Amino acid sequence: MMDTKILKTTENDIKTAGEIIRGGGLVAFPTETVYGLGASAYDADAAKKIYKAKGRPSDNPLIVHVCDKAQIEEVAREIPENALRAIEKFMPGPITVILKKRDTIPDDVTAGLDTVAVRCPDNETARMLISAAGVPIAAPSANISGKPSPTNSKHVINDMTGRIDAIINGGNCRVGVESTIVDFSSDKPVILRPGGVTYDALREAGIDVVTDKNIFQSVSENEAPKCPGMKYKHYAPDAEVTVVEGEKDAVQNKIKELIEENKGKIIGVLAMYGAEYDDAVILAAGETNKEYAKNLFSALREFDELGVEIVFAEFCERDGYGPAVKNRLYKAAAQRVIHV
Ligand code: TXA
Ligand code: MG
């Protein structure tokens, strides 16, 4: 077990955190999406430490975080027209672009791929940290592999204490689900993971993007997904999650039936439509998909803390955040989805 420092977002503490990263250590830090677990993107050994701390399979590459647009050129060797447009319009912000990588980025960061995922967060602490480190920061989400991503410092402290050098306590994350990943490394830009920058926003910016077919379904055993993370079961709480998708009355009636069928178990409901149920622990998802995104991971963790064994999640696609929520929710539910 290592001694994990808890740092604040003061200039002094961020400087300390930057020194830890430059020295080959690991620091968890807030971003606007979820907390990241950072190491120098130029340090292969530090990248190995990230995989170990998370228990992450080493064939799943990391995102490289930069402090400004200019730093992208230090890590990518080619930025196509479409990608430039996305960078101009949405960075800093909750988007990650896949580009052809430079040799400065070691194979341990990209899991041997010829491309690199690049993101410039719009969280000030995150950008100050990258500047203080003086190097781009490779960072996956700061959860133990397979657990819901951390959206506040308590989640990170629970998962990472004793495993990393420091955690910067930067409060709650604004978006709550990870960045939209867009692959610009081949002819047509493809959304590999939906997030805070929506499909419509990308189209409106003149980017002729399509969505990968695998974002709402599991990748079959013998298929090589474009985004290695797709093939892993993610975001799974200890409780068994089932999504019940549809309009209010139908969803609530179905969940009441399911609660009846599962009597004797500790049941939780993640509620979009309001607290309608007896004999269940109810957590609010929020009425919009945007609120749902912000609450989802935190609620999944809370159900576990409360000892909930079965979760029924009310869901309906309502706004641009719909695909982002659906992607995480279906994974958390291991594709157990009831359409009503
Ligand atoms: O919002 C976010 O993106 C957060 C914060 C911390 O920035 N980070 C994050 O990282 O979600 P992670 O490691 O949990 O997810 C990164 C995903 C993985 O599914 C990985 O397979 C994919 O990005 N990825 C990374 N590099 C890639 C590449 N070169 N090509 C395709 N997919 C890549
Ligand atoms: Mg992750």
# chains A, B, ... in the order shown; residues from 1 in each chain; ligands from 1
>>> residues_near_ligand(ligand="ligand 2", cutoff="12 Å", atoms="only C-alpha atoms and all ligand atoms", output="MDAnalysis selection string")
chainID A and resid 33:37 50:51 54:57 60:63 139:151 177:179 193 228:230 232:236 297 328
>>> residues_around(residues="A:Thr104", least_positions_apart="2", cutoff="9 Å", atoms="only C-alpha atoms", output="PyMOL selection string")
chain A and resi 41-42+74-75+101-102+106
>>> write_last_selection(atoms="all heavy atoms", output="mmCIF file, in the first residue's frame")
data_model
loop_
_atom_site.group_PDB
_atom_site.id
_atom_site.type_symbol
_atom_site.label_atom_id
_atom_site.label_comp_id
_atom_site.auth_asym_id
_atom_site.auth_seq_id
_atom_site.Cartn_x
_atom_site.Cartn_y
_atom_site.Cartn_z
ATOM 1 N N ALA A 41 2.382 11.282 -20.268
ATOM 2 C CA ALA A 41 2.091 10.547 -21.510
ATOM 3 C C ALA A 41 3.370 10.155 -22.238
ATOM 4 O O ALA A 41 3.323 9.419 -23.222
ATOM 5 C CB ALA A 41 1.204 11.390 -22.424
ATOM 6 N N TYR A 42 4.525 10.645 -21.750
ATOM 7 C CA TYR A 42 5.800 10.303 -22.381
ATOM 8 C C TYR A 42 6.539 9.195 -21.638
ATOM 9 O O TYR A 42 7.677 8.880 -21.963
ATOM 10 C CB TYR A 42 6.697 11.551 -22.452
ATOM 11 C CG TYR A 42 6.154 12.638 -23.366
ATOM 12 C CD1 TYR A 42 6.472 13.978 -23.137
ATOM 13 C CD2 TYR A 42 5.360 12.314 -24.462
ATOM 14 C CE1 TYR A 42 5.991 14.983 -23.969
ATOM 15 C CE2 TYR A 42 4.872 13.307 -25.294
ATOM 16 C CZ TYR A 42 5.195 14.639 -25.054
ATOM 17 O OH TYR A 42 4.725 15.624 -25.877
ATOM 18 N N GLU A 74 2.115 18.109 -30.468
ATOM 19 C CA GLU A 74 3.214 17.363 -29.842
ATOM 20 C C GLU A 74 2.941 15.864 -29.827
ATOM 21 O O GLU A 74 3.856 15.059 -29.652
ATOM 22 C CB GLU A 74 3.425 17.814 -28.389
ATOM 23 C CG GLU A 74 3.990 19.204 -28.248
ATOM 24 C CD GLU A 74 4.097 19.614 -26.782
ATOM 25 O OE1 GLU A 74 4.269 18.742 -25.908
ATOM 26 O OE2 GLU A 74 3.974 20.823 -26.519
ATOM 27 N N VAL A 75 1.656 15.485 -29.954
ATOM 28 C CA VAL A 75 1.331 14.064 -29.804
ATOM 29 C C VAL A 75 0.757 13.431 -31.080
ATOM 30 O O VAL A 75 0.816 12.222 -31.244
ATOM 31 C CB VAL A 75 0.369 13.827 -28.610
ATOM 32 C CG1 VAL A 75 0.997 14.342 -27.320
ATOM 33 C CG2 VAL A 75 -0.992 14.472 -28.815
ATOM 34 N N LYS A 101 -0.726 8.947 -34.428
ATOM 35 C CA LYS A 101 0.143 9.371 -33.322
ATOM 36 C C LYS A 101 1.577 9.684 -33.762
ATOM 37 O O LYS A 101 2.039 9.209 -34.800
ATOM 38 C CB LYS A 101 0.146 8.307 -32.231
ATOM 39 C CG LYS A 101 1.174 7.213 -32.368
ATOM 40 C CD LYS A 101 1.148 6.339 -31.130
ATOM 41 C CE LYS A 101 2.225 5.271 -31.161
ATOM 42 N NZ LYS A 101 3.544 5.747 -30.776
ATOM 43 N N ARG A 102 2.241 10.484 -32.942
ATOM 44 C CA ARG A 102 3.686 10.693 -33.108
ATOM 45 C C ARG A 102 4.446 9.647 -32.297
ATOM 46 O O ARG A 102 3.915 9.110 -31.329
ATOM 47 C CB ARG A 102 4.079 12.074 -32.563
ATOM 48 C CG ARG A 102 3.865 13.190 -33.538
ATOM 49 C CD ARG A 102 4.590 14.430 -33.052
ATOM 50 N NE ARG A 102 4.084 15.596 -33.745
ATOM 51 C CZ ARG A 102 4.459 15.947 -34.985
ATOM 52 N NH1 ARG A 102 5.362 15.238 -35.636
ATOM 53 N NH2 ARG A 102 3.935 17.003 -35.559
ATOM 54 N N PRO A 106 4.640 6.589 -26.187
ATOM 55 C CA PRO A 106 5.051 5.174 -26.155
ATOM 56 C C PRO A 106 3.884 4.218 -26.399
ATOM 57 O O PRO A 106 2.729 4.555 -26.144
ATOM 58 C CB PRO A 106 5.610 4.996 -24.737
ATOM 59 C CG PRO A 106 5.099 6.129 -23.939
ATOM 60 C CD PRO A 106 4.776 7.247 -24.886
#
>>> closest_residue(among="A:Arg22, A:His65, A:Arg174, A:Arg203", to="ligand 1", atoms="only C-alpha atoms and all ligand atoms")
A:His65
>>> atom_distance(atom1="atom CA of A:Lys248", atom2="atom CA of A:Val337")
15.8 Å
>>> closest_residue(among="A:Val118, A:Ile137, A:Ala205, A:Val244", to="A:Gly18", atoms="only C-alpha atoms")
A:Ile137
>>> select_by_dssp(residues="stretch 158-256 of chain A", states="strand (DSSP E)", output="list in words")
Ala166, Ile167, Ile168, Thr180, Ile181, Val182, Asp183, Val190, Ile191, Leu192, Arg193, Val210, Thr211, Glu240, Val241, Thr242, Val243, Val244 and Glu245 of chain A
>>> write_last_selection(atoms="all heavy atoms", output="CSV table (one decimal), in the first residue's frame")
chain,number,residue,atom,x,y,z
A,166,ALA,N,-1.4,10.5,-5.4
A,166,ALA,CA,-2.2,11.6,-4.9
A,166,ALA,C,-3.5,11.7,-5.6
A,166,ALA,O,-3.7,11.2,-6.7
A,166,ALA,CB,-1.4,13.0,-5.1
A,167,ILE,N,-4.5,12.4,-4.9
A,167,ILE,CA,-5.8,12.6,-5.5
A,167,ILE,C,-6.1,14.1,-5.3
A,167,ILE,O,-6.0,14.6,-4.2
A,167,ILE,CB,-6.9,11.8,-4.7
A,167,ILE,CG1,-6.6,10.3,-4.9
A,167,ILE,CG2,-8.3,12.1,-5.2
A,167,ILE,CD1,-7.4,9.4,-4.0
A,168,ILE,N,-6.4,14.8,-6.4
A,168,ILE,CA,-6.9,16.2,-6.2
A,168,ILE,C,-8.4,16.2,-6.0
A,168,ILE,O,-9.1,15.7,-6.8
A,168,ILE,CB,-6.5,17.0,-7.5
A,168,ILE,CG1,-5.0,17.0,-7.7
A,168,ILE,CG2,-7.0,18.4,-7.3
A,168,ILE,CD1,-4.6,17.8,-9.0
A,180,THR,N,-17.2,12.3,-25.5
A,180,THR,CA,-17.5,11.7,-26.8
A,180,THR,C,-16.2,11.4,-27.5
A,180,THR,O,-15.3,12.3,-27.6
A,180,THR,CB,-18.3,12.8,-27.7
A,180,THR,OG1,-19.4,13.2,-26.9
A,180,THR,CG2,-18.7,12.2,-29.0
A,181,ILE,N,-16.1,10.1,-28.0
A,181,ILE,CA,-14.8,9.8,-28.8
A,181,ILE,C,-15.2,9.8,-30.3
A,181,ILE,O,-16.1,9.1,-30.7
A,181,ILE,CB,-14.3,8.4,-28.4
A,181,ILE,CG1,-13.9,8.4,-26.9
A,181,ILE,CG2,-13.0,8.1,-29.2
A,181,ILE,CD1,-13.4,7.1,-26.4
A,182,VAL,N,-14.4,10.6,-31.0
A,182,VAL,CA,-14.6,10.6,-32.5
A,182,VAL,C,-13.3,10.2,-33.2
A,182,VAL,O,-12.3,10.8,-32.9
A,182,VAL,CB,-15.1,12.0,-33.0
A,182,VAL,CG1,-15.4,11.9,-34.5
A,182,VAL,CG2,-16.2,12.5,-32.2
A,183,ASP,N,-13.4,9.2,-34.0
A,183,ASP,CA,-12.2,8.7,-34.7
A,183,ASP,C,-12.0,9.4,-36.0
A,183,ASP,O,-12.9,9.3,-36.9
A,183,ASP,CB,-12.4,7.2,-35.0
A,183,ASP,CG,-11.1,6.6,-35.6
A,183,ASP,OD1,-10.1,7.3,-35.9
A,183,ASP,OD2,-11.1,5.4,-35.9
A,190,VAL,N,-16.0,8.8,-37.2
A,190,VAL,CA,-16.9,7.9,-36.6
A,190,VAL,C,-17.0,8.1,-35.1
A,190,VAL,O,-15.9,8.2,-34.4
A,190,VAL,CB,-16.5,6.4,-36.8
A,190,VAL,CG1,-17.5,5.4,-36.2
A,190,VAL,CG2,-16.3,6.1,-38.3
A,191,ILE,N,-18.2,8.2,-34.5
A,191,ILE,CA,-18.4,8.3,-33.1
A,191,ILE,C,-18.2,6.9,-32.5
A,191,ILE,O,-19.0,6.0,-32.8
A,191,ILE,CB,-19.7,8.9,-32.7
A,191,ILE,CG1,-19.9,10.3,-33.2
A,191,ILE,CG2,-19.9,8.8,-31.2
A,191,ILE,CD1,-21.3,10.9,-32.9
A,192,LEU,N,-17.2,6.7,-31.7
A,192,LEU,CA,-16.9,5.4,-31.0
A,192,LEU,C,-17.5,5.3,-29.7
A,192,LEU,O,-17.7,4.2,-29.1
A,192,LEU,CB,-15.4,5.2,-30.9
A,192,LEU,CG,-14.6,5.1,-32.2
A,192,LEU,CD1,-13.1,4.9,-32.0
A,192,LEU,CD2,-15.2,4.1,-33.2
A,193,ARG,N,-17.8,6.5,-29.1
A,193,ARG,CA,-18.4,6.5,-27.7
A,193,ARG,C,-19.2,7.8,-27.6
A,193,ARG,O,-18.6,8.9,-27.8
A,193,ARG,CB,-17.4,6.4,-26.6
A,193,ARG,CG,-17.9,6.4,-25.2
A,193,ARG,CD,-16.9,6.2,-24.1
A,193,ARG,NE,-16.1,7.4,-24.0
A,193,ARG,CZ,-15.0,7.5,-23.1
A,193,ARG,NH1,-14.6,6.5,-22.4
A,193,ARG,NH2,-14.3,8.6,-23.0
A,210,VAL,N,-20.6,9.6,-38.5
A,210,VAL,CA,-21.5,8.5,-38.4
A,210,VAL,C,-21.3,7.9,-37.0
A,210,VAL,O,-20.2,8.1,-36.4
A,210,VAL,CB,-21.4,7.5,-39.5
A,210,VAL,CG1,-21.8,8.0,-40.8
A,210,VAL,CG2,-20.0,6.9,-39.5
A,211,THR,N,-22.2,7.1,-36.5
A,211,THR,CA,-22.1,6.5,-35.2
A,211,THR,C,-21.7,5.0,-35.4
A,211,THR,O,-22.4,4.3,-36.2
A,211,THR,CB,-23.4,6.6,-34.4
A,211,THR,OG1,-23.7,8.0,-34.3
A,211,THR,CG2,-23.3,6.0,-33.1
A,240,GLU,N,-27.5,-6.3,-9.7
A,240,GLU,CA,-27.9,-6.6,-11.1
A,240,GLU,C,-28.8,-5.5,-11.6
A,240,GLU,O,-29.8,-5.2,-11.0
A,240,GLU,CB,-28.5,-8.0,-11.0
A,240,GLU,CG,-29.0,-8.5,-12.4
A,240,GLU,CD,-29.8,-9.7,-12.3
A,240,GLU,OE1,-29.3,-10.8,-12.0
A,240,GLU,OE2,-31.0,-9.6,-12.6
A,241,VAL,N,-28.5,-4.9,-12.7
A,241,VAL,CA,-29.3,-3.8,-13.2
A,241,VAL,C,-30.1,-4.3,-14.4
A,241,VAL,O,-29.6,-5.0,-15.3
A,241,VAL,CB,-28.4,-2.7,-13.7
A,241,VAL,CG1,-29.2,-1.5,-14.3
A,241,VAL,CG2,-27.4,-2.2,-12.6
A,242,THR,N,-31.4,-3.9,-14.5
A,242,THR,CA,-32.2,-4.1,-15.6
A,242,THR,C,-32.8,-2.7,-16.1
A,242,THR,O,-33.3,-2.0,-15.2
A,242,THR,CB,-33.4,-5.0,-15.3
A,242,THR,OG1,-32.9,-6.3,-14.9
A,242,THR,CG2,-34.3,-5.2,-16.5
A,243,VAL,N,-32.7,-2.4,-17.3
A,243,VAL,CA,-33.2,-1.2,-17.8
A,243,VAL,C,-34.7,-1.4,-18.3
A,243,VAL,O,-35.0,-2.4,-19.0
A,243,VAL,CB,-32.4,-0.7,-19.1
A,243,VAL,CG1,-33.0,0.6,-19.6
A,243,VAL,CG2,-31.0,-0.5,-18.7
A,244,VAL,N,-35.6,-0.5,-17.9
A,244,VAL,CA,-37.0,-0.6,-18.4
A,244,VAL,C,-37.2,0.7,-19.2
A,244,VAL,O,-37.2,1.8,-18.6
A,244,VAL,CB,-38.0,-0.8,-17.2
A,244,VAL,CG1,-39.4,-0.9,-17.8
A,244,VAL,CG2,-37.6,-2.0,-16.4
A,245,GLU,N,-37.4,0.5,-20.5
A,245,GLU,CA,-37.3,1.7,-21.4
A,245,GLU,C,-38.7,1.9,-22.0
A,245,GLU,O,-39.3,1.0,-22.5
A,245,GLU,CB,-36.3,1.4,-22.5
A,245,GLU,CG,-36.0,2.6,-23.4
A,245,GLU,CD,-34.8,2.4,-24.2
A,245,GLU,OE1,-33.9,1.6,-23.9
A,245,GLU,OE2,-34.7,3.1,-25.2
>>> decode(residues="stretch 101-128 of chain A", atoms="N, CA, C and O atoms", output="PDB file, in the first residue's frame")
ATOM      1  N   LYS A 101      -0.726   8.947 -34.428  1.00  0.00           N
ATOM      2  CA  LYS A 101       0.143   9.371 -33.322  1.00  0.00           C
ATOM      3  C   LYS A 101       1.577   9.684 -33.762  1.00  0.00           C
ATOM      4  O   LYS A 101       2.039   9.209 -34.800  1.00  0.00           O
ATOM      5  N   ARG A 102       2.241  10.484 -32.942  1.00  0.00           N
ATOM      6  CA  ARG A 102       3.686  10.693 -33.108  1.00  0.00           C
ATOM      7  C   ARG A 102       4.446   9.647 -32.297  1.00  0.00           C
ATOM      8  O   ARG A 102       3.915   9.110 -31.329  1.00  0.00           O
ATOM      9  N   ASP A 103       5.736   9.467 -32.640  1.00  0.00           N
ATOM     10  CA  ASP A 103       6.542   8.469 -31.928  1.00  0.00           C
ATOM     11  C   ASP A 103       6.857   8.874 -30.494  1.00  0.00           C
ATOM     12  O   ASP A 103       7.327   8.052 -29.703  1.00  0.00           O
ATOM     13  N   THR A 104       6.591  10.148 -30.150  1.00  0.00           N
ATOM     14  CA  THR A 104       6.831  10.599 -28.774  1.00  0.00           C
ATOM     15  C   THR A 104       5.961   9.833 -27.775  1.00  0.00           C
ATOM     16  O   THR A 104       6.290   9.738 -26.602  1.00  0.00           O
ATOM     17  N   ILE A 105       4.841   9.313 -28.257  1.00  0.00           N
ATOM     18  CA  ILE A 105       3.918   8.608 -27.354  1.00  0.00           C
ATOM     19  C   ILE A 105       4.258   7.114 -27.355  1.00  0.00           C
ATOM     20  O   ILE A 105       4.182   6.452 -28.384  1.00  0.00           O
ATOM     21  N   PRO A 106       4.640   6.589 -26.187  1.00  0.00           N
ATOM     22  CA  PRO A 106       5.051   5.174 -26.155  1.00  0.00           C
ATOM     23  C   PRO A 106       3.884   4.218 -26.399  1.00  0.00           C
ATOM     24  O   PRO A 106       2.729   4.555 -26.144  1.00  0.00           O
ATOM     25  N   ASP A 107       4.221   3.024 -26.865  1.00  0.00           N
ATOM     26  CA  ASP A 107       3.218   1.985 -27.149  1.00  0.00           C
ATOM     27  C   ASP A 107       2.385   1.622 -25.928  1.00  0.00           C
ATOM     28  O   ASP A 107       1.238   1.209 -26.054  1.00  0.00           O
ATOM     29  N   ASP A 108       2.961   1.743 -24.752  1.00  0.00           N
ATOM     30  CA  ASP A 108       2.204   1.383 -23.547  1.00  0.00           C
ATOM     31  C   ASP A 108       1.012   2.306 -23.329  1.00  0.00           C
ATOM     32  O   ASP A 108       0.052   1.935 -22.676  1.00  0.00           O
ATOM     33  N   VAL A 109       1.072   3.515 -23.868  1.00  0.00           N
ATOM     34  CA  VAL A 109      -0.049   4.456 -23.728  1.00  0.00           C
ATOM     35  C   VAL A 109      -1.150   4.110 -24.725  1.00  0.00           C
ATOM     36  O   VAL A 109      -2.333   4.141 -24.393  1.00  0.00           O
ATOM     37  N   THR A 110      -0.776   3.756 -25.944  1.00  0.00           N
ATOM     38  CA  THR A 110      -1.777   3.523 -26.998  1.00  0.00           C
ATOM     39  C   THR A 110      -2.057   2.043 -27.225  1.00  0.00           C
ATOM     40  O   THR A 110      -2.729   1.680 -28.180  1.00  0.00           O
ATOM     41  N   ALA A 111      -1.518   1.204 -26.353  1.00  0.00           N
ATOM     42  CA  ALA A 111      -1.687  -0.250 -26.476  1.00  0.00           C
ATOM     43  C   ALA A 111      -1.230  -0.715 -27.861  1.00  0.00           C
ATOM     44  O   ALA A 111      -1.859  -1.576 -28.471  1.00  0.00           O
ATOM     45  N   GLY A 112      -0.170  -0.099 -28.337  1.00  0.00           N
ATOM     46  CA  GLY A 112       0.426  -0.529 -29.597  1.00  0.00           C
ATOM     47  C   GLY A 112      -0.256  -0.016 -30.851  1.00  0.00           C
ATOM     48  O   GLY A 112       0.186  -0.299 -31.958  1.00  0.00           O
ATOM     49  N   LEU A 113      -1.336   0.765 -30.698  1.00  0.00           N
ATOM     50  CA  LEU A 113      -2.023   1.299 -31.886  1.00  0.00           C
ATOM     51  C   LEU A 113      -1.181   2.389 -32.539  1.00  0.00           C
ATOM     52  O   LEU A 113      -0.328   3.007 -31.896  1.00  0.00           O
ATOM     53  N   ASP A 114      -1.478   2.672 -33.796  1.00  0.00           N
ATOM     54  CA  ASP A 114      -0.784   3.708 -34.543  1.00  0.00           C
ATOM     55  C   ASP A 114      -1.479   5.069 -34.339  1.00  0.00           C
ATOM     56  O   ASP A 114      -1.094   6.084 -34.889  1.00  0.00           O
ATOM     57  N   THR A 115      -2.545   5.054 -33.551  1.00  0.00           N
ATOM     58  CA  THR A 115      -3.322   6.278 -33.321  1.00  0.00           C
ATOM     59  C   THR A 115      -3.260   6.663 -31.851  1.00  0.00           C
ATOM     60  O   THR A 115      -2.915   5.846 -30.999  1.00  0.00           O
ATOM     61  N   VAL A 116      -3.619   7.930 -31.589  1.00  0.00           N
ATOM     62  CA  VAL A 116      -3.664   8.386 -30.200  1.00  0.00           C
ATOM     63  C   VAL A 116      -4.981   9.123 -29.972  1.00  0.00           C
ATOM     64  O   VAL A 116      -5.462   9.852 -30.844  1.00  0.00           O
ATOM     65  N   ALA A 117      -5.560   8.906 -28.801  1.00  0.00           N
ATOM     66  CA  ALA A 117      -6.785   9.606 -28.415  1.00  0.00           C
ATOM     67  C   ALA A 117      -6.383  10.876 -27.676  1.00  0.00           C
ATOM     68  O   ALA A 117      -5.610  10.819 -26.725  1.00  0.00           O
ATOM     69  N   VAL A 118      -6.873  12.045 -28.143  1.00  0.00           N
ATOM     70  CA  VAL A 118      -6.440  13.317 -27.559  1.00  0.00           C
ATOM     71  C   VAL A 118      -7.631  14.104 -27.038  1.00  0.00           C
ATOM     72  O   VAL A 118      -8.654  14.233 -27.728  1.00  0.00           O
ATOM     73  N   ARG A 119      -7.463  14.653 -25.840  1.00  0.00           N
ATOM     74  CA  ARG A 119      -8.567  15.403 -25.247  1.00  0.00           C
ATOM     75  C   ARG A 119      -8.035  16.600 -24.478  1.00  0.00           C
ATOM     76  O   ARG A 119      -7.032  16.498 -23.778  1.00  0.00           O
ATOM     77  N   CYS A 120      -8.718  17.748 -24.626  1.00  0.00           N
ATOM     78  CA  CYS A 120      -8.377  18.945 -23.845  1.00  0.00           C
ATOM     79  C   CYS A 120      -9.571  19.258 -22.950  1.00  0.00           C
ATOM     80  O   CYS A 120     -10.586  19.779 -23.417  1.00  0.00           O
ATOM     81  N   PRO A 121      -9.490  18.927 -21.661  1.00  0.00           N
ATOM     82  CA  PRO A 121     -10.649  19.102 -20.771  1.00  0.00           C
ATOM     83  C   PRO A 121     -10.968  20.572 -20.534  1.00  0.00           C
ATOM     84  O   PRO A 121     -10.075  21.420 -20.587  1.00  0.00           O
ATOM     85  N   ASP A 122     -12.240  20.873 -20.268  1.00  0.00           N
ATOM     86  CA  ASP A 122     -12.554  22.283 -19.981  1.00  0.00           C
ATOM     87  C   ASP A 122     -12.589  22.574 -18.480  1.00  0.00           C
ATOM     88  O   ASP A 122     -13.018  23.634 -18.060  1.00  0.00           O
ATOM     89  N   ASN A 123     -12.110  21.632 -17.679  1.00  0.00           N
ATOM     90  CA  ASN A 123     -11.971  21.861 -16.236  1.00  0.00           C
ATOM     91  C   ASN A 123     -10.639  22.571 -15.987  1.00  0.00           C
ATOM     92  O   ASN A 123      -9.590  22.125 -16.439  1.00  0.00           O
ATOM     93  N   GLU A 124     -10.718  23.689 -15.264  1.00  0.00           N
ATOM     94  CA  GLU A 124      -9.527  24.523 -15.072  1.00  0.00           C
ATOM     95  C   GLU A 124      -8.417  23.823 -14.308  1.00  0.00           C
ATOM     96  O   GLU A 124      -7.241  23.940 -14.659  1.00  0.00           O
ATOM     97  N   THR A 125      -8.812  23.096 -13.265  1.00  0.00           N
ATOM     98  CA  THR A 125      -7.811  22.373 -12.469  1.00  0.00           C
ATOM     99  C   THR A 125      -7.058  21.385 -13.352  1.00  0.00           C
ATOM    100  O   THR A 125      -5.835  21.262 -13.272  1.00  0.00           O
ATOM    101  N   ALA A 126      -7.812  20.683 -14.208  1.00  0.00           N
ATOM    102  CA  ALA A 126      -7.187  19.692 -15.084  1.00  0.00           C
ATOM    103  C   ALA A 126      -6.153  20.365 -15.990  1.00  0.00           C
ATOM    104  O   ALA A 126      -5.019  19.897 -16.118  1.00  0.00           O
ATOM    105  N   ARG A 127      -6.547  21.484 -16.597  1.00  0.00           N
ATOM    106  CA  ARG A 127      -5.604  22.146 -17.520  1.00  0.00           C
ATOM    107  C   ARG A 127      -4.405  22.746 -16.784  1.00  0.00           C
ATOM    108  O   ARG A 127      -3.281  22.704 -17.274  1.00  0.00           O
ATOM    109  N   MET A 128      -4.672  23.276 -15.578  1.00  0.00           N
ATOM    110  CA  MET A 128      -3.545  23.802 -14.776  1.00  0.00           C
ATOM    111  C   MET A 128      -2.567  22.688 -14.424  1.00  0.00           C
ATOM    112  O   MET A 128      -1.355  22.880 -14.424  1.00  0.00           O
TER     113      MET A 128
END
